>>> print(open('work06.txt').read())   # compact mmCIF, C-alpha atoms
# COMPACT_ATOMS: atom_id res chain seq x y z
CA MET A 18 19.74 51.05 -41.23
CA CYS A 19 21.46 48.33 -43.26
CA LYS A 20 24.43 50.60 -43.94
CA ILE A 21 24.77 51.38 -40.23
CA LEU A 22 24.67 47.68 -39.30
CA ASP A 23 27.20 46.84 -42.01
CA GLN A 24 29.61 49.44 -40.65
CA GLU A 25 29.50 47.81 -37.23
CA GLU A 26 29.51 44.25 -38.65
CA VAL A 27 26.20 43.53 -36.93
CA LYS A 28 24.05 40.93 -38.69
CA PRO A 29 20.78 40.46 -36.75
CA HIS A 30 19.31 38.44 -39.63
CA LYS A 31 21.80 35.64 -38.94
CA VAL A 32 21.93 33.18 -36.05
CA ARG A 33 25.11 31.62 -34.76
CA TYR A 34 24.64 28.82 -32.23
CA TYR A 35 26.68 28.29 -29.11
CA LEU A 36 26.66 25.68 -26.35
CA GLU A 37 25.85 26.84 -22.80
CA GLN A 38 25.75 23.55 -20.92
CA ARG A 39 28.93 21.63 -21.68
CA ASP A 40 29.72 18.18 -20.33
CA PRO A 41 32.10 18.82 -17.40
CA ASP A 42 33.71 15.41 -18.04
CA PHE A 43 33.93 15.81 -21.82
CA ALA A 44 37.70 15.31 -22.04
CA GLU A 45 37.69 12.18 -19.87
CA LYS A 46 34.79 10.62 -21.75
CA MET A 47 36.37 11.46 -25.09
CA ALA A 48 39.58 9.79 -23.95
CA GLU A 49 37.60 6.62 -23.15
CA VAL A 50 36.13 6.57 -26.65
CA LEU A 51 39.55 7.20 -28.21
CA CYS A 52 40.99 4.34 -26.18
CA VAL A 53 38.40 2.03 -27.73
CA TYR A 54 39.37 3.26 -31.19
CA ARG A 55 42.98 2.61 -30.29
CA GLN A 56 42.01 -0.95 -29.40
CA VAL A 57 40.34 -1.23 -32.81
CA LYS A 58 43.63 -0.20 -34.44
CA ILE A 59 45.48 -2.93 -32.53
CA LEU A 60 42.87 -5.54 -33.50
CA LYS A 61 43.15 -4.57 -37.17
CA LYS A 62 46.92 -5.00 -37.09
CA ALA A 63 46.56 -8.39 -35.42
CA ALA A 64 43.96 -9.48 -37.97
CA ALA A 65 46.18 -8.37 -40.85
CA ALA A 66 49.14 -10.26 -39.42
CA SER A 67 47.24 -13.50 -38.83
CA LYS A 68 44.94 -13.06 -41.86
CA GLN A 69 42.03 -14.11 -39.63
CA LYS A 70 39.15 -12.15 -38.18
CA PRO A 71 39.53 -11.77 -34.40
CA ASN A 72 36.74 -13.41 -32.42
CA GLU A 73 37.80 -12.57 -28.86
CA VAL A 74 36.25 -9.11 -29.03
CA ALA A 75 33.89 -7.24 -31.36
CA ILE A 76 33.72 -3.44 -31.26
CA ILE A 77 30.51 -1.89 -32.56
CA SER A 78 29.82 1.78 -33.27
CA TYR A 79 26.06 2.11 -32.70
CA ASP A 80 23.35 4.74 -33.00
CA GLU A 81 19.77 5.30 -34.14
CA LYS A 82 18.58 7.35 -37.09
CA PRO A 83 14.95 8.24 -36.24
CA GLY A 84 12.31 10.05 -38.24
CA ILE A 85 13.02 8.57 -41.68
CA GLN A 86 9.92 9.58 -43.62
CA ALA A 87 7.94 7.20 -45.81
CA ILE A 88 6.74 9.56 -48.54
CA GLU A 89 4.78 8.61 -51.65
CA THR A 90 4.45 10.65 -54.82
CA THR A 91 0.95 11.51 -56.04
CA ALA A 92 1.98 11.43 -59.72
CA PRO A 93 4.71 9.62 -61.66
CA ASP A 94 8.17 11.16 -61.94
CA LEU A 95 8.96 12.51 -65.41
CA PRO A 96 12.35 11.62 -66.93
CA PRO A 97 14.66 14.30 -68.34
CA GLU A 98 13.64 15.54 -71.78
CA PRO A 99 15.82 17.69 -74.09
CA GLY A 100 14.48 21.19 -74.46
CA VAL A 101 11.85 20.67 -71.74
CA HIS A 102 13.60 19.90 -68.43
CA ALA A 103 17.14 18.68 -67.84
CA THR A 104 16.38 16.81 -64.62
CA PHE A 105 13.75 14.43 -63.33
CA ALA A 106 10.51 16.29 -62.72
CA ARG A 107 8.53 15.47 -59.58
CA GLU A 108 5.06 16.52 -58.49
CA HIS A 109 5.16 18.95 -55.55
CA GLU A 110 2.39 17.17 -53.67
CA TYR A 111 3.09 13.98 -51.76
CA LYS A 112 1.48 11.56 -49.33
CA ARG A 113 2.94 10.73 -45.91
CA HIS A 114 2.91 7.18 -44.54
CA GLY A 115 4.66 7.91 -41.24
CA THR A 116 8.25 7.49 -40.12
CA VAL A 117 10.61 4.67 -39.18
CA SER A 118 13.80 4.44 -37.13
CA LEU A 119 17.00 2.75 -38.22
CA LEU A 120 19.01 1.05 -35.46
CA ALA A 121 22.47 0.31 -36.81
CA GLY A 122 25.91 -0.66 -35.62
CA ILE A 123 29.15 -1.07 -37.58
CA ASP A 124 31.76 -3.65 -36.66
CA LEU A 125 34.84 -1.43 -36.67
CA VAL A 126 37.19 -4.32 -37.43
CA THR A 127 35.31 -6.11 -40.23
CA GLY A 128 33.05 -3.30 -41.51
CA THR A 129 29.92 -5.45 -41.20
CA VAL A 130 26.73 -3.48 -40.62
CA HIS A 131 24.15 -4.84 -38.18
CA ALA A 132 20.76 -3.18 -38.55
CA LEU A 133 17.09 -3.20 -37.64
CA VAL A 134 14.34 -0.92 -38.94
CA LYS A 135 11.52 -0.30 -36.49
CA ASP A 136 8.60 2.07 -36.03
CA ARG A 137 10.15 3.37 -32.80
CA HIS A 138 13.44 3.18 -30.89
CA ARG A 139 12.58 2.47 -27.26
CA SER A 140 14.30 0.14 -24.81
CA ARG A 141 12.57 -2.90 -26.27
CA GLU A 142 13.86 -2.12 -29.75
CA PHE A 143 17.37 -1.53 -28.42
CA ILE A 144 17.27 -4.84 -26.56
CA GLU A 145 16.14 -6.49 -29.80
CA PHE A 146 19.23 -5.04 -31.47
CA LEU A 147 21.44 -6.39 -28.67
CA LYS A 148 19.88 -9.81 -29.24
CA LEU A 149 20.77 -9.46 -32.92
CA LEU A 150 24.40 -8.87 -31.95
CA ASP A 151 24.28 -11.73 -29.46
CA ALA A 152 23.26 -14.10 -32.24
CA ALA A 153 25.84 -12.73 -34.68
CA TYR A 154 28.96 -13.46 -32.59
CA PRO A 155 30.32 -16.58 -30.85
CA ALA A 156 29.35 -17.00 -27.21
CA HIS A 157 32.89 -16.27 -25.97
CA THR A 158 33.21 -12.97 -27.87
CA ALA A 159 33.15 -9.78 -25.81
CA ILE A 160 30.89 -7.26 -27.55
CA LYS A 161 31.83 -3.64 -26.90
CA LEU A 162 29.53 -0.85 -28.05
CA ILE A 163 30.26 2.85 -28.53
CA LEU A 164 26.96 4.71 -28.16
CA ASP A 165 25.36 7.90 -26.90
CA ASN A 166 23.38 8.62 -23.73
CA HIS A 167 19.89 7.98 -25.13
CA SER A 168 17.46 6.94 -22.40
CA ALA A 169 16.92 3.53 -24.03
CA HIS A 170 20.61 2.73 -23.63
CA ILE A 171 20.62 3.26 -19.86
CA SER A 172 17.03 2.34 -18.93
CA LYS A 173 16.30 -0.17 -16.20
CA GLU A 174 14.91 -2.57 -18.83
CA THR A 175 18.16 -2.47 -20.79
CA ARG A 176 20.33 -2.77 -17.69
CA ALA A 177 18.25 -5.70 -16.45
CA TRP A 178 18.60 -7.55 -19.76
CA VAL A 179 22.36 -6.97 -19.94
CA ALA A 180 22.73 -8.17 -16.35
CA GLU A 181 21.12 -11.48 -17.34
CA GLN A 182 23.80 -12.13 -19.97
CA PRO A 183 27.12 -13.87 -19.29
CA ALA A 184 29.70 -11.72 -17.54
CA HIS A 185 31.65 -9.40 -19.86
CA ARG A 186 29.44 -10.29 -22.86
CA PHE A 187 28.36 -6.66 -23.37
CA GLU A 188 30.30 -3.53 -22.48
CA PHE A 189 29.13 0.03 -23.20
CA THR A 190 31.35 3.07 -23.77
CA PHE A 191 29.28 6.27 -23.86
CA THR A 192 30.16 9.35 -25.85
CA PRO A 193 30.08 12.61 -23.86
CA THR A 194 27.01 14.84 -24.02
CA HIS A 195 26.99 16.80 -27.30
CA GLY A 196 29.78 14.52 -28.53
CA SER A 197 27.92 12.44 -31.12
CA TRP A 198 30.63 13.41 -33.64
CA LEU A 199 32.93 11.03 -31.77
CA ASN A 200 30.83 8.08 -32.94
CA LEU A 201 31.99 6.66 -36.27
CA VAL A 202 28.54 5.41 -37.22
CA GLU A 203 27.48 9.03 -37.77
CA GLY A 204 29.60 9.09 -40.92
CA PHE A 205 27.82 5.97 -42.14
CA PHE A 206 24.44 7.62 -41.55
CA SER A 207 25.60 10.63 -43.55
CA LYS A 208 26.55 8.37 -46.45
CA LEU A 209 23.23 6.54 -46.18
CA ALA A 210 21.27 9.80 -46.27
CA ARG A 211 23.10 10.98 -49.40
CA SER A 212 23.18 7.71 -51.34
CA VAL A 213 19.97 5.90 -50.32
CA LEU A 214 17.48 8.12 -48.50
CA ARG A 215 17.85 11.29 -50.56
CA HIS A 216 14.75 11.81 -52.74
CA ILE A 217 13.47 8.32 -51.88
CA ARG A 218 9.75 7.72 -52.53
CA VAL A 219 7.82 4.64 -51.44
CA SER A 220 4.23 3.41 -51.50
CA SER A 221 4.17 2.27 -47.87
CA LYS A 222 6.13 2.23 -44.64
CA GLN A 223 6.91 -1.46 -45.18
CA GLU A 224 8.45 -0.71 -48.56
CA LEU A 225 10.71 1.86 -46.91
CA LYS A 226 11.80 -0.71 -44.33
CA ASP A 227 12.51 -3.28 -47.04
CA ARG A 228 14.54 -0.86 -49.14
CA ILE A 229 16.65 0.25 -46.16
CA MET A 230 17.40 -3.36 -45.22
CA ALA A 231 18.20 -4.12 -48.86
CA ALA A 232 20.74 -1.29 -48.71
CA MET A 233 22.26 -2.84 -45.58
CA ASP A 234 22.61 -6.18 -47.39
CA TYR A 235 24.26 -4.38 -50.31
CA PHE A 236 26.76 -2.64 -48.03
CA ASN A 237 27.61 -5.97 -46.39
CA GLN A 238 28.49 -7.57 -49.71
CA GLU A 239 31.72 -5.56 -49.69
CA PRO A 240 32.03 -4.12 -46.16
CA VAL A 241 33.88 -0.84 -45.77
CA VAL A 242 36.09 -0.68 -42.67
CA HIS A 243 35.64 2.71 -41.03
CA THR A 244 38.73 4.19 -39.39
CA TRP A 245 39.08 6.88 -36.74
CA SER A 246 42.32 8.85 -36.68
CA PHE A 247 41.54 12.26 -35.09
CA LYS A 248 43.60 12.69 -31.90
CA LEU A 249 44.05 8.93 -31.69
CA ASP A 250 47.73 9.22 -30.79
CA LYS A 251 46.77 11.27 -27.74
CA ALA A 252 44.56 8.53 -26.31
CA ALA A 253 45.71 7.40 -22.87
>>> encode(input="work06.txt", output="structure tokens")
Amino acid sequence: MCKILDQEEVKPHKVRYYLEQRDPDFAEKMAEVLCVYRQVKILKKAAAASKQKPNEVAIISYDEKPGIQAIETTAPDLPPEPGVHATFAREHEYKRHGTVSLLAGIDLVTGTVHALVKDRHRSREFIEFLKLLDAAYPAHTAIKLILDNHSAHISKETRAWVAEQPAHRFEFTFTPTHGSWLNLVEGFFSKLARSVLRHIRVSSKQELKDRIMAAMDYFNQEPVVHTWSFKLDKAA
């Protein structure tokens, strides 16, 4: 049977995913996001020329990273030992303490990371993050966010809170459905998963929260300015 399938290049043991329901306005929404990135490029040039950080507008790439597990080891890790094991040895069993959600946004001009770590990521937590941004920038600064279509971002609670703020204080640009790759913060989350969260073990959920926020403080000591270049020249 395997020989027959190989002859016809049929591989039923493999799964290749495809997307049935595409966003009909994907191209238009992508262009809107790229236009924001183009604005970031202009702001960076202006900041470099004046050697001052612009305060008329702040552009934030925002998303949530849910389901970060607080896992505790049941026995101490064993350090590498010549002739015994070349790597750290870890007990297979572990203890779960639940999960947390990271709400984070990167200032695309300065590289500063704004973050909260919460048990959940509902509208109230998102509004709390918006309040964090509101306190971080001068009152006259327009705060523009690039974000996805999560229900918390478009809920009536969120819209009501934004409506109470001064005109043009907050502006949202939404990525198209299935277009999370257009959001620069996803690259930051990938780096965080590889450098901080990989193999992490904690004794409690609070310790996990503290260590994530400590990582955010570390990143902000020398902020890395994230840059988008893919198809930027084609932005309208």
>>> residues_around(input="work06.txt", residues="Ile171 of chain A", least_positions_apart="5", cutoff="9 Å", atoms="all atoms listed in the file", output="PDB file with C-alpha atoms, in the coordinates of the input")
ATOM      1  CA  SER A 140      14.300   0.140 -24.810  1.00  0.00           C
ATOM      2  CA  ASN A 166      23.380   8.620 -23.730  1.00  0.00           C
ATOM      3  CA  ARG A 176      20.330  -2.770 -17.690  1.00  0.00           C
TER       4      ARG A 176
END
>>> closest_residue(input="work06.txt", among="A:Ala75, A:Leu225, A:Leu199, A:Met230", to="Ser246 of chain A", atoms="all atoms listed in the file")
A:Leu199
>>> closest_residue(input="work06.txt", among="A:Leu95, A:Met233, A:Val117, A:Met47", to="Thr129 of chain A", atoms="all atoms listed in the file")
A:Met233
>>> closest_residue(input="work06.txt", among="A:Ala180, A:Ala65, A:Leu249, A:Ile229", to="Leu120 of chain A", atoms="all atoms listed in the file")
A:Ile229
>>> closest_residue(input="work06.txt", among="A:Glu145, A:Asp136, A:Asp250, A:Asp40", to="Pro83 of chain A", atoms="all atoms listed in the file")
A:Asp136
>>> closest_residue(input="work06.txt", among="A:His109, A:Arg139, A:Lys161, A:His167", to="Ile123 of chain A", atoms="all atoms listed in the file")
A:Lys161
>>> residues_around(input="work06.txt", residues="Phe105 of chain A", least_positions_apart="4", cutoff="9 Å", atoms="only C-alpha atoms", output="PyMOL selection string")
chain A and resi 94-98
>>> atom_distance(input="work06.txt", atom1="atom CA of Asp42 of chain A", atom2="atom CA of Ala159 of chain A")
26.4 Å
>>> closest_residue(input="work06.txt", among="A:Asp234, A:Glu73, A:Glu49, A:Asp165", to="Thr192 of chain A", atoms="only C-alpha atoms")
A:Asp165
>>> residues_around(input="work06.txt", residues="Glu108 of chain A", least_positions_apart="6", cutoff="8 Å", atoms="all atoms listed in the file", output="number ranges by chain")
A: 90-94
>>> residues_near_point(input="work06.txt", point="(38.8, 6.9, -37.3)", cutoff="12 Å", atoms="all atoms listed in the file", output="JSON, numbers by chain")
{"A": [50, 51, 52, 53, 54, 55, 56, 57, 58, 78, 125, 126, 198, 199, 200, 201, 202, 203, 204, 242, 243, 244, 245, 246, 247, 248, 249, 250]}
>>> atom_distance(input="work06.txt", atom1="atom CA of Leu209 of chain A", atom2="atom CA of Phe43 of chain A")
28.2 Å
>>> atom_distance(input="work06.txt", atom1="atom CA of Tyr79 of chain A", atom2="atom CA of Leu36 of chain A")
24.4 Å
>>> residues_near_point(input="work06.txt", point="(30.8, -13.7, -26.5)", cutoff="8 Å", atoms="all atoms listed in the file", output="number ranges by chain")
A: 73-74, 151, 154-160, 185-186
>>> residues_around(input="work06.txt", residues="Lys222 of chain A", least_positions_apart="5", cutoff="10 Å", atoms="only C-alpha atoms", output="VMD selection string")
chain A and resid 85 to 89 113 to 117 136 227
>>> axis_aligned_box(input="work06.txt", around="segment 53-71 of chain A", padding_each_side="5 Å", output="lines of an AutoDock Vina configuration file")
center_x = 43.8
center_y = -5.4
center_z = -34.8
size_x = 20.7
size_y = 27.4
size_z = 24.1
